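Undergrad: One file is attached below, target.cif, containing mmCIF, C-alpha atoms.
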data_data
#
loop_
_atom_site.label_atom_id
_atom_site.label_comp_id
_atom_site.auth_asym_id
_atom_site.auth_seq_id
_atom_site.Cartn_x
_atom_site.Cartn_y
_atom_site.Cartn_z
CA MET A 199 77.91 -17.55 15.49
CA GLU A 200 74.50 -15.85 15.30
CA THR A 201 73.53 -13.12 17.69
CA PRO A 202 70.31 -13.67 19.70
CA SER A 203 68.50 -10.98 17.69
CA ASP A 204 69.67 -12.54 14.44
CA SER A 205 68.52 -16.04 15.26
CA ALA A 206 65.27 -14.83 16.81
CA ALA A 207 64.34 -12.81 13.76
CA THR A 208 65.20 -15.65 11.41
CA ALA A 209 63.22 -18.11 13.52
CA GLY A 210 60.23 -15.76 13.49
CA ALA A 211 60.43 -15.46 9.73
CA ALA A 212 60.62 -19.23 9.35
CA GLU A 213 57.41 -19.69 11.36
CA TYR A 214 55.45 -17.21 9.23
CA ARG A 215 54.22 -18.70 5.97
CA PRO A 216 50.99 -17.18 4.58
CA VAL A 217 50.36 -17.53 0.87
CA GLY A 218 51.53 -14.55 -1.20
CA ASN A 219 54.54 -12.47 -2.15
CA ASN A 220 57.49 -12.15 0.23
CA ILE A 221 58.49 -8.57 1.02
CA ALA A 222 61.00 -7.10 3.45
CA LEU A 223 59.65 -3.77 4.69
CA ILE A 224 62.31 -1.42 6.06
CA LEU A 225 61.28 1.24 8.62
CA LYS A 226 63.13 3.72 10.79
CA GLY A 227 61.51 2.40 13.98
CA TYR A 228 58.82 -0.11 14.93
CA PRO A 229 56.35 0.00 16.58
CA ARG A 230 55.63 3.71 16.86
CA LEU A 231 52.53 5.38 18.29
CA SER A 232 52.89 8.29 15.86
CA GLU A 233 52.81 6.07 12.75
CA THR A 234 49.40 4.41 12.86
CA PHE A 235 49.04 4.82 9.10
CA ILE A 236 52.04 2.55 8.57
CA ALA A 237 50.70 -0.05 10.99
CA GLN A 238 47.33 0.00 9.22
CA GLU A 239 49.05 -0.47 5.87
CA ILE A 240 51.14 -3.39 7.12
CA ARG A 241 48.12 -5.23 8.51
CA ALA A 242 46.04 -4.57 5.39
CA LEU A 243 48.82 -5.88 3.13
CA GLU A 244 49.09 -8.99 5.29
CA GLN A 245 45.36 -9.52 4.92
CA ARG A 246 45.79 -9.30 1.14
CA GLY A 247 48.28 -12.20 1.28
CA LEU A 248 51.69 -10.56 1.50
CA ASN A 249 54.31 -12.27 3.65
CA ILE A 250 56.12 -9.37 5.29
CA LEU A 251 59.36 -9.22 7.24
CA LEU A 252 59.66 -5.94 9.14
CA VAL A 253 63.19 -4.53 9.32
CA SER A 254 63.67 -1.72 11.85
CA LEU A 255 66.67 0.59 12.03
CA ARG A 256 65.83 1.46 15.63
CA HIS A 257 64.37 -0.26 18.66
CA PRO A 258 61.03 1.04 19.96
CA THR A 259 60.98 3.90 22.44
CA ASP A 260 57.22 4.27 23.02
CA LYS A 261 56.05 2.56 26.21
CA ARG A 262 52.62 1.77 24.75
CA THR A 263 51.33 0.45 21.44
CA HIS A 264 48.10 0.54 19.49
CA PRO A 265 45.81 -2.51 19.32
CA ILE A 266 46.62 -2.92 15.63
CA HIS A 267 50.25 -3.68 16.50
CA ASP A 268 49.02 -6.82 18.28
CA GLU A 269 47.27 -7.93 15.09
CA ILE A 270 50.34 -7.65 12.86
CA ARG A 271 51.87 -11.09 12.37
CA ALA A 272 55.10 -10.10 10.64
CA PRO A 273 58.34 -10.84 12.50
CA VAL A 274 60.70 -7.95 13.17
CA LEU A 275 64.42 -7.91 12.46
CA TYR A 276 66.13 -5.13 14.41
CA LEU A 277 69.36 -3.93 12.84
CA PRO A 278 72.17 -2.54 15.01
CA GLU A 279 70.98 0.94 15.94
CA TYR A 280 74.60 2.03 16.37
CA LEU A 281 77.32 -0.08 14.78
CA TYR A 282 79.63 -0.03 17.81
CA GLN A 283 76.89 -1.66 19.92
CA GLU A 284 76.99 -4.91 17.92
CA PRO A 285 80.44 -5.08 16.29
CA TRP A 286 80.35 -8.83 15.70
CA ARG A 287 77.10 -8.58 13.74
CA VAL A 288 78.60 -5.83 11.60
CA CYS A 289 81.82 -7.80 11.02
CA LYS A 290 79.84 -10.91 10.14
CA GLY A 291 77.76 -8.83 7.74
CA LEU A 292 80.87 -7.48 6.06
CA VAL A 293 82.42 -10.94 5.66
CA LYS A 294 79.24 -12.35 4.12
CA SER A 295 78.60 -9.29 1.95
CA VAL A 296 82.05 -9.37 0.36
CA ARG A 297 80.97 -12.58 -1.37
CA LEU A 298 77.72 -11.11 -2.68
CA PRO A 299 77.49 -10.34 -6.43
CA GLY A 300 76.70 -6.66 -5.91
CA PHE A 301 79.34 -5.83 -3.31
CA ALA A 302 81.53 -3.75 -5.63
CA SER A 303 78.63 -1.68 -6.99
CA ALA A 304 77.26 -1.11 -3.47
CA VAL A 305 80.64 0.09 -2.22
CA ARG A 306 80.96 2.47 -5.17
CA ALA A 307 77.50 3.92 -4.48
CA PHE A 308 78.29 4.28 -0.78
CA LEU A 309 81.61 6.05 -1.44
CA ARG A 310 79.95 8.46 -3.88
CA ASP A 311 77.35 9.26 -1.23
CA LEU A 312 79.95 9.56 1.52
CA TYR A 313 81.95 12.05 -0.54
CA ARG A 314 78.90 14.34 -0.64
CA ASP A 315 77.60 13.51 2.85
CA ARG A 316 80.55 12.92 5.18
CA SER A 317 78.52 12.06 8.25
CA PRO A 318 78.52 9.20 10.76
CA ASN A 319 74.90 8.61 9.78
CA ARG A 320 75.98 7.71 6.24
CA VAL A 321 78.47 5.14 7.53
CA ARG A 322 75.85 3.73 9.89
CA ARG A 323 73.40 3.17 7.05
CA PHE A 324 75.93 1.25 5.01
CA GLY A 325 76.86 -0.84 8.05
CA GLN A 326 73.18 -1.61 8.65
CA ALA A 327 72.84 -2.61 5.00
CA LEU A 328 75.75 -5.06 5.38
CA VAL A 329 73.96 -6.68 8.32
CA LEU A 330 70.64 -6.80 6.49
CA ALA A 331 72.19 -8.27 3.35
CA ALA A 332 73.81 -11.01 5.44
CA GLU A 333 70.76 -11.80 7.57
CA LEU A 334 67.91 -11.38 5.07
CA PRO A 335 66.06 -14.71 4.80
CA GLN A 336 66.21 -16.14 1.29
CA GLN A 337 62.46 -16.00 0.64
CA TYR A 338 62.34 -12.20 0.76
CA ARG A 339 63.15 -11.05 -2.78
CA GLN A 340 61.50 -7.60 -2.76
CA LEU A 341 62.58 -4.69 -0.57
CA TYR A 342 60.22 -1.85 0.35
CA ALA A 343 61.22 1.19 2.41
CA HIS A 344 58.86 3.44 4.33
CA PHE A 345 60.41 6.92 4.01
CA ILE A 346 62.85 7.90 1.27
CA HIS A 347 65.59 9.22 3.60
CA THR A 348 67.48 6.87 5.96
CA PRO A 349 65.34 3.72 5.57
CA ALA A 350 65.66 4.04 1.78
CA SER A 351 69.43 4.46 2.08
CA VAL A 352 69.72 1.13 3.90
CA THR A 353 67.29 -0.41 1.42
CA ARG A 354 69.18 0.88 -1.62
CA TYR A 355 72.58 -0.36 -0.41
CA THR A 356 71.04 -3.74 0.48
CA ALA A 357 69.37 -3.97 -2.93
CA LEU A 358 72.69 -3.28 -4.63
CA LEU A 359 74.49 -5.86 -2.49
CA CYS A 360 71.90 -8.57 -3.10
CA GLN A 361 70.87 -7.43 -6.61
CA LEU A 362 67.22 -7.19 -5.60
CA PRO A 363 64.46 -4.83 -6.74
CA TRP A 364 63.37 -2.18 -4.27
CA SER A 365 60.61 0.38 -3.89
CA ALA A 366 59.57 2.99 -1.35
CA SER A 367 56.87 5.17 0.12
CA ALA A 368 57.66 8.84 0.77
CA HIS A 369 55.66 11.17 2.97
CA ALA A 370 56.85 14.62 4.13
CA LYS A 371 60.04 15.37 6.05
CA ASP A 372 61.85 12.54 4.28
CA ILE A 373 61.21 14.24 0.92
CA TRP A 374 61.60 17.91 1.70
CA THR A 375 64.69 17.78 3.90
CA LEU A 376 66.66 15.43 1.63
CA GLU A 377 69.21 16.84 -0.82
CA PRO A 378 67.94 16.81 -4.43
CA TRP A 379 70.99 14.82 -5.62
CA GLU A 380 70.12 12.00 -3.25
CA LEU A 381 66.47 12.01 -4.25
CA ARG A 382 67.41 11.90 -7.93
CA GLU A 383 69.73 8.93 -7.50
CA LYS A 384 67.28 6.96 -5.39
CA LEU A 385 64.46 7.69 -7.83
CA ALA A 386 66.68 6.44 -10.66
CA ASP A 387 67.45 3.16 -8.84
CA LEU A 388 64.10 2.11 -7.42
CA GLU A 389 61.28 0.30 -9.23
CA TRP A 390 58.51 2.64 -8.04
CA ILE A 391 57.68 5.09 -5.28
CA ALA A 392 54.32 5.90 -3.69
CA THR A 393 53.65 9.27 -2.07
CA CYS A 394 50.60 10.62 -0.28
CA THR A 395 50.06 14.20 -1.51
CA GLY A 396 49.80 15.96 -4.84
CA ALA A 397 52.56 18.40 -3.86
CA ASN A 398 54.93 15.52 -3.11
CA HIS A 399 53.93 13.79 -6.32
CA HIS A 400 54.70 16.75 -8.57
CA TYR A 401 58.03 17.45 -6.85
CA LEU A 402 59.24 13.86 -7.09
CA GLN A 403 58.12 13.55 -10.69
CA ARG A 404 60.27 16.56 -11.58
CA LEU A 405 63.31 14.89 -10.04
CA SER A 406 62.74 11.40 -11.41
CA PRO A 407 64.28 10.32 -14.74
CA ASP A 408 61.09 8.30 -15.23
CA PRO A 409 58.08 10.25 -13.87
CA ASP A 410 55.82 7.20 -14.28
CA LYS A 411 57.68 5.58 -11.38
CA VAL A 412 56.13 8.13 -9.02
CA ARG A 413 52.61 7.22 -7.92
CA LEU A 414 50.11 9.23 -5.89
CA VAL A 415 48.62 6.94 -3.24
CA TYR A 416 46.51 8.44 -0.46
CA HIS A 417 46.97 6.26 2.62
CA GLY A 418 43.49 7.02 4.01
CA LEU A 419 41.77 5.34 6.94
CA ASP A 420 40.55 1.85 7.70
CA PHE A 421 37.04 2.82 8.75
CA SER A 422 36.32 -0.65 10.08
CA ARG A 423 38.52 0.31 13.04
CA PHE A 424 36.53 3.43 13.88
CA ASP A 425 33.28 3.05 15.78
CA SER A 426 30.40 5.12 14.48
CA PRO A 427 30.78 8.63 15.92
CA ALA A 428 28.18 10.49 17.92
CA VAL A 429 25.48 12.15 15.83
CA SER A 430 26.85 15.54 16.84
CA HIS A 431 29.17 17.28 19.26
CA SER A 432 28.17 19.85 21.87
CA SER A 433 26.44 23.15 21.13
CA HIS A 434 28.60 25.09 23.60
CA ASP A 435 29.43 28.60 22.43
CA GLY A 436 32.06 29.71 24.93
CA ARG A 437 29.75 32.07 26.85
CA THR A 438 29.42 29.92 29.97
CA ALA A 439 32.34 29.10 32.27
CA SER A 440 30.76 25.79 33.28
CA ALA A 441 30.45 24.70 29.64
CA PRO A 442 33.70 25.60 27.87
CA VAL A 443 34.28 24.66 24.24
CA THR A 444 36.80 21.81 24.11
CA LEU A 445 39.61 22.06 21.56
CA VAL A 446 41.90 19.13 20.81
CA SER A 447 45.07 18.64 18.81
CA VAL A 448 47.04 15.45 18.23
CA GLY A 449 50.64 15.64 17.11
CA ARG A 450 54.23 15.51 18.27
CA ALA A 451 55.56 18.63 19.93
CA VAL A 452 58.05 19.46 17.18
CA PRO A 453 58.58 22.72 15.22
CA LYS A 454 56.67 21.68 12.08
CA LYS A 455 53.45 21.25 14.08
CA GLY A 456 53.34 24.96 14.96
CA TYR A 457 52.15 24.56 18.53
CA ASP A 458 53.94 27.73 19.60
CA VAL A 459 51.83 29.67 17.07
CA LEU A 460 48.68 27.93 18.29
CA LEU A 461 49.44 28.93 21.88
CA GLN A 462 49.90 32.54 20.76
CA ALA A 463 46.55 32.39 18.97
CA LEU A 464 44.80 30.94 22.02
CA ALA A 465 46.26 33.67 24.24
CA GLN A 466 44.82 36.33 21.91
CA LEU A 467 41.23 35.09 22.32
CA PRO A 468 38.90 37.38 24.30
CA ALA A 469 39.33 36.92 28.04
CA ASP A 470 35.60 36.28 28.54
CA LEU A 471 35.53 33.42 26.01
CA HIS A 472 35.49 30.03 27.75
CA TRP A 473 37.52 27.21 26.22
CA ARG A 474 39.87 24.38 27.19
CA PHE A 475 42.62 22.82 25.09
CA LEU A 476 43.82 19.19 25.10
CA HIS A 477 47.12 18.22 23.51
CA ILE A 478 47.89 14.57 22.77
CA GLY A 479 51.39 13.56 21.74
CA GLY A 480 54.98 13.37 22.87
CA GLY A 481 57.82 15.37 21.40
CA SER A 482 61.01 17.21 22.23
CA GLU A 483 59.38 20.63 22.70
CA LEU A 484 56.76 19.72 25.31
CA ASP A 485 58.56 21.40 28.19
CA LYS A 486 59.18 24.51 26.10
CA LEU A 487 55.51 24.70 25.13
CA LYS A 488 54.37 24.25 28.73
CA ALA A 489 56.66 27.12 29.75
CA GLN A 490 55.25 29.27 26.93
CA ALA A 491 51.68 28.55 28.08
CA GLN A 492 52.65 29.68 31.59
CA GLN A 493 54.16 32.90 30.25
CA LEU A 494 51.04 33.59 28.18
CA GLY A 495 48.78 33.04 31.19
CA ILE A 496 46.76 30.20 29.63
CA ALA A 497 48.35 27.16 31.31
CA GLY A 498 45.28 26.62 33.48
CA ARG A 499 43.14 26.00 30.41
CA ILE A 500 45.48 23.41 28.85
CA GLU A 501 45.87 19.70 29.51
CA TRP A 502 48.97 17.93 28.18
CA ARG A 503 48.11 14.24 27.92
CA GLY A 504 51.26 12.92 26.23
CA ALA A 505 51.28 10.07 23.71
CA LEU A 506 48.21 7.84 23.87
CA PRO A 507 47.03 4.67 22.08
CA GLN A 508 44.46 5.11 19.35
CA LYS A 509 41.46 4.03 21.42
CA GLU A 510 42.04 6.88 23.87
CA VAL A 511 42.71 9.33 21.04
CA LEU A 512 39.37 8.44 19.44
CA GLU A 513 37.60 9.00 22.74
CA ALA A 514 39.20 12.45 22.95
CA TYR A 515 37.91 13.26 19.46
CA ARG A 516 34.38 12.29 20.49
CA GLN A 517 34.45 14.44 23.62
CA ALA A 518 35.88 17.50 21.85
CA ASP A 519 34.14 20.26 19.90
CA LEU A 520 36.94 21.33 17.54
CA PHE A 521 40.21 19.89 16.21
CA VAL A 522 43.07 22.32 15.55
CA LEU A 523 46.39 21.78 13.75
CA ALA A 524 48.74 24.71 13.05
CA SER A 525 51.28 22.92 10.83
CA ARG A 526 53.98 24.95 9.11
CA ILE A 527 57.01 24.55 6.85
CA THR A 528 60.20 24.94 8.88
CA ALA A 529 63.44 26.58 7.76
CA ASP A 530 65.00 23.23 6.81
CA GLY A 531 61.97 22.31 4.67
CA ASP A 532 60.38 19.91 7.15
CA ARG A 533 56.59 19.81 6.95
CA ASP A 534 53.53 17.64 7.33
CA GLY A 535 52.27 15.73 4.32
CA LEU A 536 48.62 14.83 4.78
CA PRO A 537 48.22 14.32 8.54
CA ASN A 538 46.25 11.21 9.43
CA VAL A 539 44.99 12.91 12.58
CA LEU A 540 42.88 15.26 10.47
CA MET A 541 41.23 12.30 8.78
CA GLU A 542 40.70 10.62 12.14
CA ALA A 543 39.08 13.74 13.57
CA GLN A 544 36.80 14.09 10.56
CA SER A 545 35.83 10.42 10.87
CA GLN A 546 34.32 11.38 14.24
CA ARG A 547 32.31 14.30 12.82
CA LEU A 548 34.68 16.73 14.50
CA ALA A 549 35.09 20.13 12.82
CA CYS A 550 38.69 20.85 11.81
CA LEU A 551 40.76 24.03 11.64
CA ALA A 552 44.18 23.72 10.00
CA THR A 553 46.76 25.55 7.91
CA ASP A 554 46.79 25.58 4.12
CA ILE A 555 50.13 23.82 3.51
CA SER A 556 51.27 20.63 1.78
CA GLY A 557 48.48 18.11 1.21
CA ILE A 558 46.07 19.53 3.80
CA PRO A 559 43.96 21.42 1.19
CA GLU A 560 43.58 18.09 -0.64
CA LEU A 561 41.68 16.87 2.43
CA ILE A 562 40.04 19.98 3.87
CA MET A 563 38.01 22.17 1.51
CA ASP A 564 38.03 25.64 3.05
CA GLU A 565 34.61 26.82 4.26
CA GLN A 566 33.08 23.51 3.12
CA THR A 567 34.57 20.62 5.10
CA GLY A 568 36.66 22.70 7.52
CA LEU A 569 38.51 25.99 7.81
CA LEU A 570 42.03 26.77 6.59
CA VAL A 571 44.31 29.65 7.58
CA PRO A 572 47.81 30.68 6.44
CA GLN A 573 50.71 29.08 8.27
CA GLN A 574 52.41 31.02 11.08
CA ASP A 575 49.62 33.61 11.17
CA ALA A 576 48.55 33.72 14.81
CA THR A 577 46.05 36.52 14.18
CA ALA A 578 44.24 34.63 11.43
CA LEU A 579 44.23 31.54 13.62
CA THR A 580 42.75 33.51 16.54
CA GLN A 581 40.00 34.88 14.31
CA ALA A 582 39.12 31.41 13.01
CA LEU A 583 39.18 29.96 16.53
CA GLN A 584 36.86 32.68 17.83
CA ARG A 585 34.49 32.19 14.94
CA LEU A 586 34.28 28.43 15.48
CA ILE A 587 34.11 28.60 19.27
CA THR A 588 31.21 31.07 19.20
CA THR A 589 29.31 29.41 16.32
CA PRO A 590 28.38 25.83 17.26
CA GLN A 591 26.13 25.45 14.23
CA LEU A 592 29.10 26.10 11.92
CA ARG A 593 31.12 23.48 13.78
CA LEU A 594 28.36 20.94 13.38
CA GLN A 595 27.94 21.77 9.70
CA LEU A 596 31.68 21.48 8.92
CA GLY A 597 31.97 18.33 11.03
CA GLU A 598 29.19 16.60 9.12
CA ALA A 599 30.55 17.69 5.71
CA GLY A 600 34.05 16.55 6.66
CA TYR A 601 32.69 13.21 7.86
CA GLN A 602 30.87 12.57 4.58
CA ARG A 603 33.83 13.51 2.39
CA VAL A 604 36.54 11.64 4.30
CA ARG A 605 34.49 8.45 4.15
CA GLN A 606 33.85 8.86 0.43
CA VAL A 607 37.34 9.91 -0.67
CA PHE A 608 39.97 8.89 1.86
CA THR A 609 39.37 5.22 2.48
CA MET A 610 42.40 3.02 2.98
CA ALA A 611 41.03 0.32 0.67
CA ARG A 612 41.81 2.37 -2.45
CA GLY A 613 45.42 2.91 -1.44
CA ILE A 614 45.93 -0.76 -0.61
CA ASP A 615 44.51 -1.72 -4.00
CA GLN A 616 47.09 0.53 -5.64
CA LEU A 617 49.97 -0.79 -3.54
CA MET A 618 49.04 -4.39 -4.28
CA GLY A 619 49.07 -3.56 -7.97
CA LEU A 620 52.52 -2.03 -7.62
CA PHE A 621 53.93 -4.97 -5.67
CA GLN A 622 52.49 -7.54 -8.05
CA GLN A 623 53.04 -5.82 -11.39
CA GLY A 624 55.90 -3.38 -10.81
CA THR A 625 53.82 -0.39 -11.97
CA ALA A 626 50.18 0.49 -11.59
CA HIS A 627 47.83 0.92 -14.50
CA PRO A 628 47.67 4.58 -15.61
CA ALA A 629 43.99 4.70 -14.76
CA ASP A 630 44.93 4.32 -11.09
CA ASP A 631 46.73 7.66 -11.05
CA PHE A 632 44.67 10.51 -9.55
CA THR A 633 46.85 13.08 -11.32
CA LYS A 634 46.01 12.22 -14.94
CA PRO A 635 44.09 14.96 -16.78
CA GLY A 636 40.41 14.93 -15.94
CA ASN A 637 40.80 12.96 -12.72
CA THR A 638 40.45 14.34 -9.22
CA ALA A 639 40.88 12.56 -5.92
CA ALA A 640 37.11 12.62 -5.44
CA ASP A 641 36.44 11.20 -8.91
CA ALA A 642 39.03 8.47 -8.52
CA CYS A 643 37.85 7.38 -5.08
CA SER A 644 34.08 7.74 -5.33
CA CYS A 645 33.55 4.00 -5.81
CA CYS A 646 36.50 2.61 -3.91
CA GLU A 647 34.50 0.70 -1.29
#
I need this file expressed as structure tokens, please.
TA:
Amino acid sequence: METPSDSAATAGAAEYRPVGNNIALILKGYPRLSETFIAQEIRALEQRGLNILLVSLRHPTDKRTHPIHDEIRAPVLYLPEYLYQEPWRVCKGLVKSVRLPGFASAVRAFLRDLYRDRSPNRVRRFGQALVLAAELPQQYRQLYAHFIHTPASVTRYTALLCQLPWSASAHAKDIWTLEPWELREKLADLEWIATCTGANHHYLQRLSPDPDKVRLVYHGLDFSRFDSPAVSHSSHDGRTASAPVTLVSVGRAVPKKGYDVLLQALAQLPADLHWRFLHIGGGSELDKLKAQAQQLGIAGRIEWRGALPQKEVLEAYRQADLFVLASRITADGDRDGLPNVLMEAQSQRLACLATDISGIPELIMDEQTGLLVPQQDATALTQALQRLITTPQLRLQLGEAGYQRVRQVFTMARGIDQLMGLFQQGTAHPADDFTKPGNTAADACSCCE
């Protein structure tokens, strides 16, 4: 007997029949406000003719969505978030999976993993794979995971059970917090993997038995979704209380975003400098950050807006004078990759100040298209903030340069071209790889529109 979610997902898949390849795309959660780059990719791949089934390991928690989520036509199959919540689905998945040709090899892989990672999460991923293998509609013969950690675990076990090819995209935390043994084994099993920064690319290539499987694919922006920005932002210089310089940052309140360091830096600015700070995003540390702002005596200058849909985020970019992101690498290795919010801010001619970690220097050229400072250096961040707040002409100059470069280099069309080549051919042509000798991101993307 099918569960309601099972039959609903299958019915949705049956109604969706565009021409093109059939791909099951496995995500940790869908839809998510913080993952607009994934939503943009899904819609763009649909427009190129792919027939996509979305498979989510979790139900949505955000109360709002972006407009692009309404455009995505793919049905969604939600797996049991916790196995005990839907025991009959899990039992049915086990009964059906026992008869699958790859059951023995999948169990062996799972037991090897469980021996090294004896966690409930590991068991949950195998249980979710049993459900997916049993409920996957027959037309979906390719599996594609967004993130190489838990979604790729479910994808790998499902691929082994059903003897299907699988591939993945890897971004930041999923790479750098995963044990090397697990990365190596997944890289050995998959057909190809796309990643969005040069640092990620080099690291994964070192771990892969076949480095050519690892492809550098910048996700970029779909500029058709961004209205033309204002010609310029304000010329406020922080001298007048009635005309403060507006700073904005968009990101979840989590340790890797470095908002505690940013608050320290803001508190160190001269008392007679007039500024206001807007934060957009949810996150587990919001209350802690609000308390820190109170302790530092700057709470009155800060507005915490919470998670917002993209239209409201874009409006905040247009009304601001400076975008700030103080990303850092945390003790467990978690970090940003190449934050989409920096590209979005630059698309609105907004000057950007960020830290020089991960893929950020691949986007922001220090002193040319923005300013970069070392991570976790509140003093350096304060100095850069003061310089940009008091020098509106520099902000305008960096904002214009960033706008020109992001539109020339970081367009989503190039990345979608590469992904389509990977889906259709298994591997991309070597000429598509930005990392070959003599190629730079700018060279490779200069004619991508």
Undergrad: Which residues are near Thr553 (chain A)? Cut-off 9 Å, only C-alpha atoms, ignore same chain within fewer than 5 positions. Put them as a compact mmCIF listing (two decimals) with C-alpha atoms, in the coordinates of the input.
TA:
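Dumped everything to around.txt:
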# COMPACT_ATOMS: atom_id res chain seq x y z
CA LEU A 523 46.39 21.78 13.75
CA ALA A 524 48.74 24.71 13.05
CA SER A 525 51.28 22.92 10.83
CA ARG A 526 53.98 24.95 9.11
CA ILE A 558 46.07 19.53 3.80
CA PRO A 559 43.96 21.42 1.19
CA LEU A 569 38.51 25.99 7.81
CA LEU A 570 42.03 26.77 6.59
CA VAL A 571 44.31 29.65 7.58
CA PRO A 572 47.81 30.68 6.44
CA GLN A 573 50.71 29.08 8.27
CA GLN A 574 52.41 31.02 11.08
CA LEU A 579 44.23 31.54 13.62
Undergrad: On this file, the PyMOL selection byres ((chain A and resi 436) around 7) gives some set of residues; write that set as JSON, numbers by chain.
TA: {"A": [434, 435, 437, 438, 442, 443, 471, 472, 473, 587, 588]}
Undergrad: State, in Å with one decimal place, the distance from CA of Glu244 (chain A) to CA of Ala222 (chain A).
TA: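 Between CA of Glu244 (chain A) and CA of Ala222 (chain A) the gap is 12.2 Å.
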Undergrad: Interatomic distance between CA of Ala489 (chain A) and CA of Gly449 (chain A)?
TA: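 One can read the CA of Ala489 (chain A) to CA of Gly449 (chain A) distance as 18.1 Å.
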Undergrad: Run the PyMOL selection byres ((chain A and resi 580) around 7) on the file and write out the hits as number ranges by chain.
TA: A: 463-464, 466-467, 576-579, 581-584
Undergrad: Counting all atoms listed in the file, what is within 8 Å of Trp390 (chain A), bar same-chain residues fewer than 3 positions away, as a PyMOL selection string?
TA: chain A and resi 364-366+385+411-413+620+624-625
Undergrad: Measuring atom to atom with all atoms listed in the file, identify which of A:Arg246, A:His431, A:Lys261, A:His369 is nearest to Gly504 (chain A).
TA: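 Distance minimum relative to Gly504 (chain A) lands on A:Lys261.
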Undergrad: Which distance in Å separates CA of Ala370 (chain A) and CA of Arg404 (chain A), to one decimal?
TA: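 Between CA of Ala370 (chain A) and CA of Arg404 (chain A) the gap is 16.2 Å.
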Undergrad: May I have the protein, DNA and RNA residues with any atom at most 6 Å from the point (38.6, 7.8, -0.6), counting only C-alpha atoms, written as a list in words?
TA: Gln606, Val607, Phe608, Thr609 and Cys643 of chain A
Undergrad: With only C-alpha atoms as the basis for distance, which of A:Asp470, A:Asp534, A:Asp615, A:Glu513 is at the shortest distance from Arg450 (chain A)?
TA: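 Residue with the minimum atom-to-atom distance to Arg450 (chain A): A:Asp534.
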Undergrad: Nearest to Ile236 (chain A): which of A:Ser545, A:Gln517, A:Gln623, A:Ser367 is it, counting only C-alpha atoms?
TA: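 Residue with the minimum atom-to-atom distance to Ile236 (chain A): A:Ser367.
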Undergrad: Report as a PDB file with C-alpha atoms, in the coordinates of the input the residues that result from applying the PyMOL selection byres ((chain A and resi 397) around 12) to the structure here.
TA:
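Output contents, as saved in selection-v5.pdb:
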ATOM      1  CA  ALA A 368      57.660   8.840   0.770  1.00  0.00           C
ATOM      2  CA  HIS A 369      55.660  11.170   2.970  1.00  0.00           C
ATOM      3  CA  ALA A 370      56.850  14.620   4.130  1.00  0.00           C
ATOM      4  CA  ILE A 373      61.210  14.240   0.920  1.00  0.00           C
ATOM      5  CA  TRP A 374      61.600  17.910   1.700  1.00  0.00           C
ATOM      6  CA  THR A 393      53.650   9.270  -2.070  1.00  0.00           C
ATOM      7  CA  CYS A 394      50.600  10.620  -0.280  1.00  0.00           C
ATOM      8  CA  THR A 395      50.060  14.200  -1.510  1.00  0.00           C
ATOM      9  CA  GLY A 396      49.800  15.960  -4.840  1.00  0.00           C
ATOM     10  CA  ASN A 398      54.930  15.520  -3.110  1.00  0.00           C
ATOM     11  CA  HIS A 399      53.930  13.790  -6.320  1.00  0.00           C
ATOM     12  CA  HIS A 400      54.700  16.750  -8.570  1.00  0.00           C
ATOM     13  CA  TYR A 401      58.030  17.450  -6.850  1.00  0.00           C
ATOM     14  CA  LEU A 402      59.240  13.860  -7.090  1.00  0.00           C
ATOM     15  CA  GLN A 403      58.120  13.550 -10.690  1.00  0.00           C
ATOM     16  CA  ARG A 404      60.270  16.560 -11.580  1.00  0.00           C
ATOM     17  CA  ARG A 413      52.610   7.220  -7.920  1.00  0.00           C
ATOM     18  CA  LEU A 414      50.110   9.230  -5.890  1.00  0.00           C
ATOM     19  CA  ARG A 533      56.590  19.810   6.950  1.00  0.00           C
ATOM     20  CA  ASP A 534      53.530  17.640   7.330  1.00  0.00           C
ATOM     21  CA  GLY A 535      52.270  15.730   4.320  1.00  0.00           C
ATOM     22  CA  LEU A 536      48.620  14.830   4.780  1.00  0.00           C
ATOM     23  CA  ILE A 555      50.130  23.820   3.510  1.00  0.00           C
ATOM     24  CA  SER A 556      51.270  20.630   1.780  1.00  0.00           C
ATOM     25  CA  GLY A 557      48.480  18.110   1.210  1.00  0.00           C
ATOM     26  CA  ILE A 558      46.070  19.530   3.800  1.00  0.00           C
ATOM     27  CA  PRO A 559      43.960  21.420   1.190  1.00  0.00           C
ATOM     28  CA  GLU A 560      43.580  18.090  -0.640  1.00  0.00           C
ATOM     29  CA  THR A 633      46.850  13.080 -11.320  1.00  0.00           C
TER      30      THR A 633
END
Undergrad: Have a look at A:Ser254, A:Gln245, A:Ser317, A:Gln544 and name the one nearest to Pro278 (chain A); count only C-alpha atoms.
TA: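 Going through A:Ser254, A:Gln245, A:Ser317, A:Gln544 one by one, the smallest distance to Pro278 (chain A) is for A:Ser254.
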Undergrad: Taking a cut-off of 6 Å and counting all atoms listed in the file, can you build a table that, for each residue of region 295-375 of chain A near region 288-291 of chain A, reports the nearest atom pair and how far apart they are in Å (one decimal), sorted by chain then residue number, as a tab-separated table?
TA:
residue	atom	partner	partner_atom	distance
A:Ser295	CA	A:Gly291	CA	5.9
A:Leu328	CA	A:Gly291	CA	4.9
A:Val329	CA	A:Gly291	CA	4.4
A:Ala332	CA	A:Gly291	CA	5.1
Undergrad: Please determine, counting all atoms listed in the file, which residue among A:Lys371, A:Leu358, A:Tyr601, A:Asp420 has the shortest atom-to-atom distance to Ile240 (chain A).
TA: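 Checking each candidate against Ile240 (chain A), we get A:Asp420 as the closest.
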